[in-house]
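Just below is one structure, and these are the notes that go with it.
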Amino acid sequence: VLALTAEGRSNQAIGERLELQPGDEIAWYSRGMSLYHLGRYEDAIASFDHALHLKPDQLNSWYNHGNALSLLERYEEAVTSHNIALDLKPDYLKAWYSRGNALSNLGRYEDAIVSYDKALEIFPELDLAWFNKGLAFVSLDCYEEAIASYDKVIDLFPAYFPAHLNRGIVLSKLGRHEDAIASYDAVLAIKSADPDAWYNRGIALFNLERYEEAIANYNKALALAPGFYEAWYNHATTLLKLDRNEEAIASYDKVLEINPTFYEAWYGRGFALLN
C-alpha cells in the first residue's frame, strides 16, 4: 500500500471538509491553491470561483484566480481578476506586479509600466518589477528608459545576469557597442557558459569591425549550443567579411541543416559561391 504524501493528506482533508461543509469558502480556496500548485489551473479556477461565489470579497481568491488565468494565457480575464483584487486592496503589491505581467503579455506595454510603477511605489526594491519594466520599455523602443530600469535591477541584485544581458542588447541597439561588450563581460563573469552572452558579444564585435574576435565569440557560443543556427549564420557572415568563402559556405550549410527554411542563409550561401 502506498503511503499518502503530505500534499495528498492535505488534499484528502480538504475534500472531507468540503463534504461536511460545502459552504466553507476557505476550504474551496485551499482546494484551489492545492490544484494550482499541481498545475491543474482550470480546476483551480473552478475552486476559486466556488470560494468567490460564497465570499465575493475574498482577496486572495481573486489574486490567485488571476494568476491561474495568466498561466492559461487568458490575460484579459487575468487583468479583470487583478483589478477586482486591487479594488479590494489598492496597495496590494503582488496584484499590481502580476497585473503588469498580464498587460505586457497583451502587448499593452504603457499600461504595464503604470502597473509596475504602482508596485514600485509600494516596494521600490522589487527587482523583477524593474526588470519587466525594462522589457516593456524595450518593446516601446524606449531604450534609454530600459537601460535605467536594468541599472536599477543591477543595483539591487548585481548577480542577476539577465539584466546585464538585456542591458547589453539595448546598448548595441543604441550603437554603444563597447559599453555593450562590458555588459556581456559582466554576464560572463557570473555565468561563463552562457551562449547568448557569447553570441551577442560577437555581434557587438562585428559592429566594431573586429571580425576575428567576433568569430572567436561565435565559436564559444556554438561550443555551448551547437544547434544555435543564428550563431552559425553570423559566423558565416563574418567569414564572408574576411573573404573566407569556403568556411562561410560550411557555416551556412550548418544553418540549413538545422533550419532549412532560413532563407537568409540560402542567400548568403549563394553569395559565397559566387565569390
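Letters for chains follow the order of the C-alpha cells (A, B, ...), residue numbers begin at 1 for each chain, and ligand numbers begin at 1 in the order shown.
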
Can you pull out the residues contacting segment 96-113 of chain A? Cut-off 6 Å, using only C-alpha atoms, and skip same-chain residues under 4 positions away; I want them as number ranges by chain. A: 75, 79, 82, 119, 133, 136

Skip segment 60-70 of chain A itself and residues of its chain fewer than 3 positions away, then list as a ChimeraX atom specification all residues within 7 Å of it, counting only C-alpha atoms. /A:29,36,41,45,48,52,73-75,77-79,81-82,84-85,95,102

Based on the backbone DSSP call, show me all residues of segment 92-241 of chain A assigned alpha helix (DSSP H), as a ChimeraX atom specification. /A:93-105,109-122,127-139,143-156,161-173,177-190,195-207,211-224,229-241

Identify, on the basis of only C-alpha atoms, every residue whose closest approach to segment 182-192 of chain A does not exceed 9 Å; exclude the query and any residue fewer than 4 positions from it along the same chain; express the result as a PyMOL selection string. chain A and resi 159-169+171+177-178+197-198+200-201

Residues of the last selection are to be written out with C-alpha atoms, as a compact mmCIF listing (two decimals), in the first residue's frame.
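Here's the written file part.txt:
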# COMPACT_ATOMS: atom_id res chain seq x y z
CA ALA A 159 24.37 38.80 -9.84
CA TYR A 160 21.13 38.79 -11.90
CA PHE A 161 22.80 38.10 -15.25
CA PRO A 162 19.66 38.51 -17.47
CA ALA A 163 19.66 42.23 -16.56
CA HIS A 164 23.28 42.56 -17.71
CA LEU A 165 22.49 40.62 -20.90
CA ASN A 166 19.43 42.71 -21.79
CA ARG A 167 21.30 45.90 -20.94
CA GLY A 168 24.00 44.89 -23.42
CA ILE A 169 21.47 44.17 -26.17
CA LEU A 171 23.22 49.34 -25.67
CA HIS A 177 28.96 48.56 -28.74
CA GLU A 178 31.92 48.99 -26.37
CA ALA A 197 26.23 36.35 -23.99
CA TRP A 198 28.96 35.00 -26.28
CA ASN A 200 25.65 38.95 -28.57
CA ARG A 201 29.23 39.83 -27.69

What lies within 8 Å of segment 258-262 of chain A using only C-alpha atoms, ignoring chain neighbours under 3 positions off, as a ChimeraX atom specification? /A:227,229,254-255,265-266

Neighbour list for Glu246 of chain A as a PyMOL selection string, cut-off 8 Å, only C-alpha atoms, skip fewer than 3 positions in-chain: chain A and resi 249-250+272
